[in-house]
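Enquirer: model01.tsv (TSV, C-alpha atoms) pasted underneath:
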chain	number	residue	atom	x	y	z
O	1	MET	CA	0.00	0.00	0.00
O	2	THR	CA	1.45	3.39	-0.93
O	3	SER	CA	1.99	5.92	1.83
O	4	ASP	CA	-0.78	8.14	0.43
O	5	LYS	CA	-3.25	5.25	0.42
O	6	ARG	CA	-2.22	4.22	3.92
O	7	GLU	CA	-2.65	7.77	5.22
O	8	ALA	CA	-6.09	7.95	3.59
O	9	ALA	CA	-7.00	4.61	5.20
O	10	TYR	CA	-6.00	5.93	8.65
O	11	ARG	CA	-8.02	9.09	8.10
O	12	GLU	CA	-11.03	6.95	7.23
O	13	LEU	CA	-10.68	4.44	10.04
O	14	ILE	CA	-10.05	6.86	12.94
O	15	PRO	CA	-13.61	8.28	12.91
O	16	GLN	CA	-14.93	4.72	12.55
O	17	LEU	CA	-12.92	3.60	15.58
O	18	THR	CA	-14.04	6.66	17.52
O	19	ALA	CA	-17.69	5.82	16.86
O	20	LEU	CA	-17.13	2.13	17.61
O	21	LEU	CA	-15.39	2.78	20.93
O	22	GLU	CA	-17.44	5.76	22.08
O	23	GLY	CA	-18.86	5.13	25.52
O	24	GLU	CA	-17.02	1.84	26.01
O	25	HIS	CA	-15.16	1.95	29.32
O	26	ARG	CA	-13.75	-1.59	29.33
O	27	PRO	CA	-10.24	-1.69	27.88
O	28	LEU	CA	-10.14	-5.26	26.58
O	29	PRO	CA	-13.03	-4.90	24.12
O	30	CYS	CA	-11.53	-1.60	22.93
O	31	MET	CA	-8.13	-3.18	22.40
O	32	ALA	CA	-9.67	-6.17	20.61
O	33	ASN	CA	-11.63	-3.96	18.23
O	34	ILE	CA	-8.62	-1.74	17.52
O	35	CYS	CA	-6.65	-4.86	16.53
O	36	ALA	CA	-9.47	-6.14	14.34
O	37	VAL	CA	-9.98	-2.81	12.56
O	38	LEU	CA	-6.25	-2.27	11.92
O	39	LYS	CA	-5.75	-5.80	10.60
O	40	GLU	CA	-8.89	-5.71	8.46
O	41	LYS	CA	-8.51	-2.20	7.03
O	42	LEU	CA	-4.74	-2.08	6.57
O	43	GLY	CA	-3.96	-5.74	5.97
O	44	PHE	CA	-1.13	-6.08	8.47
O	45	PHE	CA	0.22	-9.57	9.21
O	46	TRP	CA	-0.12	-9.34	13.00
O	47	VAL	CA	-1.64	-6.66	15.26
O	48	GLY	CA	-1.75	-6.94	19.01
O	49	PHE	CA	-1.30	-5.45	22.43
O	50	TYR	CA	1.12	-6.43	25.15
O	51	ILE	CA	0.09	-5.19	28.59
O	52	VAL	CA	2.59	-4.26	31.30
O	53	ASP	CA	2.57	-6.69	34.23
O	54	ARG	CA	5.36	-5.68	36.59
O	55	GLU	CA	8.60	-6.47	34.71
O	56	GLU	CA	6.98	-8.29	31.77
O	57	LEU	CA	4.78	-7.52	28.83
O	58	VAL	CA	1.89	-9.99	28.72
O	59	LEU	CA	-0.03	-10.82	25.55
O	60	GLY	CA	-3.36	-9.03	25.29
O	61	PRO	CA	-5.94	-8.89	22.52
O	62	PHE	CA	-4.51	-9.56	19.05
O	63	GLN	CA	-5.31	-10.55	15.48
O	64	GLY	CA	-3.05	-12.93	13.58
O	65	PRO	CA	-1.09	-16.13	14.15
O	66	VAL	CA	-0.15	-17.32	17.64
O	67	ALA	CA	2.24	-15.07	19.52
O	68	CYS	CA	4.69	-15.00	22.38
O	69	THR	CA	2.81	-14.97	25.69
O	70	THR	CA	5.29	-12.88	27.67
O	71	ILE	CA	8.17	-10.60	26.79
O	72	GLY	CA	10.80	-9.83	29.39
O	73	LYS	CA	11.88	-6.30	30.25
O	74	GLY	CA	14.01	-4.85	27.46
O	75	ARG	CA	13.67	-7.91	25.20
O	76	GLY	CA	12.80	-7.69	21.53
O	77	VAL	CA	11.31	-4.69	19.80
O	78	CYS	CA	8.41	-4.40	22.27
O	79	GLY	CA	10.65	-4.56	25.32
O	80	ALA	CA	13.10	-2.08	23.80
O	81	ALA	CA	10.30	0.38	23.00
O	82	ARG	CA	9.01	0.10	26.57
O	83	GLU	CA	12.48	0.54	28.06
O	84	ARG	CA	13.27	3.56	25.84
O	85	LYS	CA	9.75	4.99	26.27
O	86	GLU	CA	9.51	5.69	22.54
O	87	ALA	CA	7.85	4.23	19.48
O	88	LEU	CA	10.13	2.04	17.40
O	89	ILE	CA	10.02	1.40	13.67
O	90	VAL	CA	12.10	-1.57	12.55
O	91	PRO	CA	12.46	-1.87	8.75
O	92	ASP	CA	14.20	-5.28	8.99
O	93	VAL	CA	13.43	-7.32	12.10
O	94	GLU	CA	16.30	-9.72	11.41
O	95	ALA	CA	18.75	-6.83	11.78
O	96	PHE	CA	17.30	-5.75	15.15
O	97	PRO	CA	19.50	-6.95	18.03
O	98	GLY	CA	17.54	-9.35	20.25
O	99	HIS	CA	14.50	-9.55	17.96
O	100	ILE	CA	12.07	-12.22	19.14
O	101	ALA	CA	11.04	-14.26	16.12
O	102	CYS	CA	7.49	-15.40	16.87
O	103	ASN	CA	6.85	-16.00	13.17
O	104	PRO	CA	9.39	-16.18	10.34
O	105	LEU	CA	6.99	-14.39	7.96
O	106	SER	CA	7.37	-11.14	9.90
O	107	ARG	CA	9.81	-8.83	8.09
O	108	SER	CA	9.22	-5.37	9.61
O	109	GLU	CA	7.62	-4.09	12.80
O	110	ILE	CA	6.32	-1.01	14.56
O	111	VAL	CA	5.69	-0.68	18.28
O	112	VAL	CA	3.75	2.29	19.66
O	113	LEU	CA	3.37	3.02	23.36
O	114	LEU	CA	0.14	3.27	25.28
O	115	LEU	CA	0.85	5.77	28.05
O	116	ASP	CA	-1.02	6.82	31.15
O	117	GLU	CA	0.50	9.93	32.72
O	118	ASP	CA	3.90	9.20	31.13
O	119	GLU	CA	3.84	5.58	32.33
O	120	VAL	CA	3.85	2.77	29.78
O	121	VAL	CA	0.78	0.59	30.43
O	122	ALA	CA	0.82	-1.37	27.16
O	123	VAL	CA	2.33	-1.45	23.70
O	124	LEU	CA	0.66	-1.86	20.34
O	125	ASP	CA	2.81	-4.18	18.22
O	126	ILE	CA	2.25	-4.51	14.47
O	127	ASP	CA	4.16	-6.82	12.14
O	128	SER	CA	4.26	-6.85	8.36
O	129	CYS	CA	5.38	-9.50	5.89
O	130	GLU	CA	6.87	-6.66	3.83
O	131	PRO	CA	10.28	-5.22	4.65
O	132	ASP	CA	10.41	-1.51	5.52
O	133	ASP	CA	6.61	-1.28	5.63
O	134	PHE	CA	6.23	1.33	8.39
O	135	SER	CA	6.90	5.06	8.60
O	136	ARG	CA	6.49	8.05	10.91
O	137	THR	CA	3.03	8.40	9.35
O	138	ASP	CA	2.05	5.04	10.86
O	139	ALA	CA	3.53	6.06	14.21
O	140	ARG	CA	1.61	9.34	14.16
O	141	TYR	CA	-1.79	7.82	13.35
O	142	LEU	CA	-1.33	4.82	15.64
O	143	GLY	CA	-0.38	7.23	18.43
O	144	GLU	CA	-3.56	9.18	17.72
O	145	ILE	CA	-5.58	5.96	18.02
O	146	LEU	CA	-3.91	5.16	21.34
O	147	ASP	CA	-4.77	8.64	22.63
O	148	MET	CA	-8.46	7.75	22.55
O	149	PRO	CA	-10.20	8.01	25.96
O	150	PHE	CA	-10.13	4.28	26.79
O	151	VAL	CA	-6.43	4.47	27.67
O	152	LYS	CA	-7.09	5.56	31.25
O	153	ASN	CA	-8.97	2.31	31.88
O	154	ILE	CA	-5.99	0.06	31.16
O	155	LYS	CA	-4.19	1.21	34.27
O	156	GLY	CA	-4.64	-1.49	36.85
O	157	LEU	CA	-5.35	-4.41	34.48
O	158	TYR	CA	-2.18	-5.97	35.85
O	159	GLY	CA	0.17	-5.02	38.63
O	160	ARG	CA	2.85	-2.57	37.67
Written as structure tokens, how would this file's structure read?

Expert:
Amino acid sequence: MTSDKREAAYRELIPQLTALLEGEHRPLPCMANICAVLKEKLGFFWVGFYIVDREELVLGPFQGPVACTTIGKGRGVCGAARERKEALIVPDVEAFPGHIACNPLSRSEIVVLLLDEDEVVAVLDIDSCEPDDFSRTDARYLGEILDMPFVKNIKGLYGR
């Protein structure tokens, strides 16, 4: 998908997500629907959340093939993004030091943080079968999605 088409798709799906999630106060259904919409509308290989549980990231709602259940602090792209407190775009996952290969079809990855008062409460992890498939445009729109009101309800799902 070209960057223009992807940006147009984000612009179209954000109001749809807003309407879908409006009034929903439970975080798990919101997370599940975000994953479903992103996978369906943008055709990503894998879309899912990992929720902070003390020192680990624990698998939350996702769409795609089976995934790692827990990710240790600082491990893989998700753990590195959490540790650095910044979104990460990885054009070639095989070149990323410590990449966790849950599926060999994954070629590139983006991880965006879900924050509550500057504290990481979860990460949104998206994998693509295409190399170099993500850009700052993806990070910007995914960040906008994660700024939706349901974020405050994730705090406390697990111990932190």

Enquirer: To one decimal place in Å, what is the distance between atom CA of Thr2 of chain O and atom CA of Glu130 of chain O?

Expert: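 If I compute the distance from atom CA of Thr2 of chain O to atom CA of Glu130 of chain O, I get 12.4 Å.
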
Enquirer: So the first atom is atom CA of Ile100 of chain O and the second is atom CA of Gly76 of chain O; what is the distance between them in Å, to one decimal place?

Expert: 5.2 Å

Enquirer: Write out as an MDAnalysis selection string the residues lying within 12 Å of segment 25-42 of chain O, counting all atoms listed in the file and excluding same-chain residues fewer than 6 positions away.

Expert: chainID O and resid 1:3 5:19 48:51 59:65 114 121:128 133:134 138 141:142 145:146 148:157

Enquirer: Emit the selected residues as a PDB file, in the coordinates of the input, including C-alpha atoms.

Expert:
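Okay, this is what ended up in again_37.pdb:
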ATOM      1  CA  MET O   1       0.000   0.000   0.000  1.00  0.00           C
ATOM      2  CA  THR O   2       1.450   3.390  -0.930  1.00  0.00           C
ATOM      3  CA  SER O   3       1.990   5.920   1.830  1.00  0.00           C
ATOM      4  CA  LYS O   5      -3.250   5.250   0.420  1.00  0.00           C
ATOM      5  CA  ARG O   6      -2.220   4.220   3.920  1.00  0.00           C
ATOM      6  CA  GLU O   7      -2.650   7.770   5.220  1.00  0.00           C
ATOM      7  CA  ALA O   8      -6.090   7.950   3.590  1.00  0.00           C
ATOM      8  CA  ALA O   9      -7.000   4.610   5.200  1.00  0.00           C
ATOM      9  CA  TYR O  10      -6.000   5.930   8.650  1.00  0.00           C
ATOM     10  CA  ARG O  11      -8.020   9.090   8.100  1.00  0.00           C
ATOM     11  CA  GLU O  12     -11.030   6.950   7.230  1.00  0.00           C
ATOM     12  CA  LEU O  13     -10.680   4.440  10.040  1.00  0.00           C
ATOM     13  CA  ILE O  14     -10.050   6.860  12.940  1.00  0.00           C
ATOM     14  CA  PRO O  15     -13.610   8.280  12.910  1.00  0.00           C
ATOM     15  CA  GLN O  16     -14.930   4.720  12.550  1.00  0.00           C
ATOM     16  CA  LEU O  17     -12.920   3.600  15.580  1.00  0.00           C
ATOM     17  CA  THR O  18     -14.040   6.660  17.520  1.00  0.00           C
ATOM     18  CA  ALA O  19     -17.690   5.820  16.860  1.00  0.00           C
ATOM     19  CA  GLY O  48      -1.750  -6.940  19.010  1.00  0.00           C
ATOM     20  CA  PHE O  49      -1.300  -5.450  22.430  1.00  0.00           C
ATOM     21  CA  TYR O  50       1.120  -6.430  25.150  1.00  0.00           C
ATOM     22  CA  ILE O  51       0.090  -5.190  28.590  1.00  0.00           C
ATOM     23  CA  LEU O  59      -0.030 -10.820  25.550  1.00  0.00           C
ATOM     24  CA  GLY O  60      -3.360  -9.030  25.290  1.00  0.00           C
ATOM     25  CA  PRO O  61      -5.940  -8.890  22.520  1.00  0.00           C
ATOM     26  CA  PHE O  62      -4.510  -9.560  19.050  1.00  0.00           C
ATOM     27  CA  GLN O  63      -5.310 -10.550  15.480  1.00  0.00           C
ATOM     28  CA  GLY O  64      -3.050 -12.930  13.580  1.00  0.00           C
ATOM     29  CA  PRO O  65      -1.090 -16.130  14.150  1.00  0.00           C
ATOM     30  CA  LEU O 114       0.140   3.270  25.280  1.00  0.00           C
ATOM     31  CA  VAL O 121       0.780   0.590  30.430  1.00  0.00           C
ATOM     32  CA  ALA O 122       0.820  -1.370  27.160  1.00  0.00           C
ATOM     33  CA  VAL O 123       2.330  -1.450  23.700  1.00  0.00           C
ATOM     34  CA  LEU O 124       0.660  -1.860  20.340  1.00  0.00           C
ATOM     35  CA  ASP O 125       2.810  -4.180  18.220  1.00  0.00           C
ATOM     36  CA  ILE O 126       2.250  -4.510  14.470  1.00  0.00           C
ATOM     37  CA  ASP O 127       4.160  -6.820  12.140  1.00  0.00           C
ATOM     38  CA  SER O 128       4.260  -6.850   8.360  1.00  0.00           C
ATOM     39  CA  ASP O 133       6.610  -1.280   5.630  1.00  0.00           C
ATOM     40  CA  PHE O 134       6.230   1.330   8.390  1.00  0.00           C
ATOM     41  CA  ASP O 138       2.050   5.040  10.860  1.00  0.00           C
ATOM     42  CA  TYR O 141      -1.790   7.820  13.350  1.00  0.00           C
ATOM     43  CA  LEU O 142      -1.330   4.820  15.640  1.00  0.00           C
ATOM     44  CA  ILE O 145      -5.580   5.960  18.020  1.00  0.00           C
ATOM     45  CA  LEU O 146      -3.910   5.160  21.340  1.00  0.00           C
ATOM     46  CA  MET O 148      -8.460   7.750  22.550  1.00  0.00           C
ATOM     47  CA  PRO O 149     -10.200   8.010  25.960  1.00  0.00           C
ATOM     48  CA  PHE O 150     -10.130   4.280  26.790  1.00  0.00           C
ATOM     49  CA  VAL O 151      -6.430   4.470  27.670  1.00  0.00           C
ATOM     50  CA  LYS O 152      -7.090   5.560  31.250  1.00  0.00           C
ATOM     51  CA  ASN O 153      -8.970   2.310  31.880  1.00  0.00           C
ATOM     52  CA  ILE O 154      -5.990   0.060  31.160  1.00  0.00           C
ATOM     53  CA  LYS O 155      -4.190   1.210  34.270  1.00  0.00           C
ATOM     54  CA  GLY O 156      -4.640  -1.490  36.850  1.00  0.00           C
ATOM     55  CA  LEU O 157      -5.350  -4.410  34.480  1.00  0.00           C
TER      56      LEU O 157
END

Enquirer: Of the residues O:Ile89, O:Val111, O:Val120, O:Leu105, which is the one nearest to Asp132 of chain O, using all atoms listed in the file?

Expert: O:Ile89

Enquirer: What is the atom CA of Cys68 of chain O-atom CA of Cys102 of chain O distance in Å, reported with one decimal?

Expert: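 Interatomic distance, atom CA of Cys68 of chain O to atom CA of Cys102 of chain O: 6.2 Å.
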
Enquirer: Here is a test: counting all atoms listed in the file, which residue of O:Val93, O:Val58, O:Cys78, O:Leu115 is nearest to Cys129 of chain O?

Expert: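 When distances to Cys129 of chain O are compared using all atoms listed in the file, the smallest one comes from O:Val93.
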
Enquirer: Would you mind telling me which residue in O:Leu113, O:Arg136, O:Glu119, O:Thr69 lies nearest to Val90 of chain O when using only C-alpha atoms?

Expert: O:Arg136

Enquirer: Dump as a PyMOL selection string all residues having an atom at most 10 Å from (10.4, 4.5, 26.9), computed in the file's coordinates with all atoms listed in the file.

Expert: chain O and resi 79-88+113+115+118-120

Enquirer: With 5 Å of padding per side, what axis-aligned box (centre and edge lengths, Å, one decimal) covers all the listed atoms of segment 65-79 of chain O? Give it as lines of an AutoDock Vina configuration file.

Expert:
center_x = 6.5
center_y = -10.9
center_z = 22.2
size_x = 25.1
size_y = 22.9
size_z = 26.1

Enquirer: Can you take the partial segment 125-139 of chain O, add N, CA, C and O atoms, and return it as a PDB file, in the frame of the given file?

Expert:
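File written: out_36.pdb
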ATOM      1  N   ASP O 125       1.776  -3.576  19.057  1.00  0.00           N
ATOM      2  CA  ASP O 125       2.810  -4.180  18.220  1.00  0.00           C
ATOM      3  C   ASP O 125       2.171  -4.589  16.899  1.00  0.00           C
ATOM      4  O   ASP O 125       1.132  -5.261  16.892  1.00  0.00           O
ATOM      5  N   ILE O 126       2.775  -4.157  15.789  1.00  0.00           N
ATOM      6  CA  ILE O 126       2.250  -4.510  14.470  1.00  0.00           C
ATOM      7  C   ILE O 126       3.397  -5.037  13.626  1.00  0.00           C
ATOM      8  O   ILE O 126       4.454  -4.423  13.545  1.00  0.00           O
ATOM      9  N   ASP O 127       3.168  -6.192  13.012  1.00  0.00           N
ATOM     10  CA  ASP O 127       4.160  -6.820  12.140  1.00  0.00           C
ATOM     11  C   ASP O 127       3.631  -6.847  10.705  1.00  0.00           C
ATOM     12  O   ASP O 127       2.424  -6.972  10.481  1.00  0.00           O
ATOM     13  N   SER O 128       4.577  -6.761   9.779  1.00  0.00           N
ATOM     14  CA  SER O 128       4.260  -6.850   8.360  1.00  0.00           C
ATOM     15  C   SER O 128       5.127  -7.911   7.706  1.00  0.00           C
ATOM     16  O   SER O 128       6.272  -8.115   8.121  1.00  0.00           O
ATOM     17  N   CYS O 129       4.599  -8.545   6.688  1.00  0.00           N
ATOM     18  CA  CYS O 129       5.380  -9.500   5.890  1.00  0.00           C
ATOM     19  C   CYS O 129       6.282  -8.771   4.895  1.00  0.00           C
ATOM     20  O   CYS O 129       7.139  -9.391   4.279  1.00  0.00           O
ATOM     21  N   GLU O 130       6.077  -7.472   4.753  1.00  0.00           N
ATOM     22  CA  GLU O 130       6.870  -6.660   3.830  1.00  0.00           C
ATOM     23  C   GLU O 130       8.007  -5.978   4.572  1.00  0.00           C
ATOM     24  O   GLU O 130       7.794  -5.434   5.653  1.00  0.00           O
ATOM     25  N   PRO O 131       9.202  -5.976   4.015  1.00  0.00           N
ATOM     26  CA  PRO O 131      10.280  -5.220   4.650  1.00  0.00           C
ATOM     27  C   PRO O 131      10.010  -3.720   4.534  1.00  0.00           C
ATOM     28  O   PRO O 131       9.342  -3.270   3.600  1.00  0.00           O
ATOM     29  N   ASP O 132      10.487  -2.975   5.515  1.00  0.00           N
ATOM     30  CA  ASP O 132      10.410  -1.510   5.520  1.00  0.00           C
ATOM     31  C   ASP O 132       8.990  -1.016   5.221  1.00  0.00           C
ATOM     32  O   ASP O 132       8.790  -0.126   4.399  1.00  0.00           O
ATOM     33  N   ASP O 133       8.015  -1.580   5.922  1.00  0.00           N
ATOM     34  CA  ASP O 133       6.610  -1.280   5.630  1.00  0.00           C
ATOM     35  C   ASP O 133       6.036  -0.144   6.478  1.00  0.00           C
ATOM     36  O   ASP O 133       4.920   0.283   6.238  1.00  0.00           O
ATOM     37  N   PHE O 134       6.782   0.343   7.469  1.00  0.00           N
ATOM     38  CA  PHE O 134       6.230   1.330   8.390  1.00  0.00           C
ATOM     39  C   PHE O 134       7.002   2.644   8.322  1.00  0.00           C
ATOM     40  O   PHE O 134       8.184   2.667   8.002  1.00  0.00           O
ATOM     41  N   SER O 135       6.297   3.731   8.650  1.00  0.00           N
ATOM     42  CA  SER O 135       6.900   5.060   8.600  1.00  0.00           C
ATOM     43  C   SER O 135       6.440   5.885   9.791  1.00  0.00           C
ATOM     44  O   SER O 135       5.611   5.444  10.591  1.00  0.00           O
ATOM     45  N   ARG O 136       6.928   7.112   9.851  1.00  0.00           N
ATOM     46  CA  ARG O 136       6.490   8.050  10.910  1.00  0.00           C
ATOM     47  C   ARG O 136       4.994   8.331  10.762  1.00  0.00           C
ATOM     48  O   ARG O 136       4.333   8.649  11.739  1.00  0.00           O
ATOM     49  N   THR O 137       4.475   8.218   9.550  1.00  0.00           N
ATOM     50  CA  THR O 137       3.030   8.400   9.350  1.00  0.00           C
ATOM     51  C   THR O 137       2.256   7.354  10.145  1.00  0.00           C
ATOM     52  O   THR O 137       1.287   7.677  10.834  1.00  0.00           O
ATOM     53  N   ASP O 138       2.695   6.098  10.071  1.00  0.00           N
ATOM     54  CA  ASP O 138       2.050   5.040  10.860  1.00  0.00           C
ATOM     55  C   ASP O 138       2.145   5.365  12.345  1.00  0.00           C
ATOM     56  O   ASP O 138       1.152   5.265  13.074  1.00  0.00           O
ATOM     57  N   ALA O 139       3.334   5.746  12.789  1.00  0.00           N
ATOM     58  CA  ALA O 139       3.530   6.060  14.210  1.00  0.00           C
ATOM     59  C   ALA O 139       2.601   7.181  14.651  1.00  0.00           C
ATOM     60  O   ALA O 139       2.004   7.123  15.736  1.00  0.00           O
TER      61      ALA O 139
END
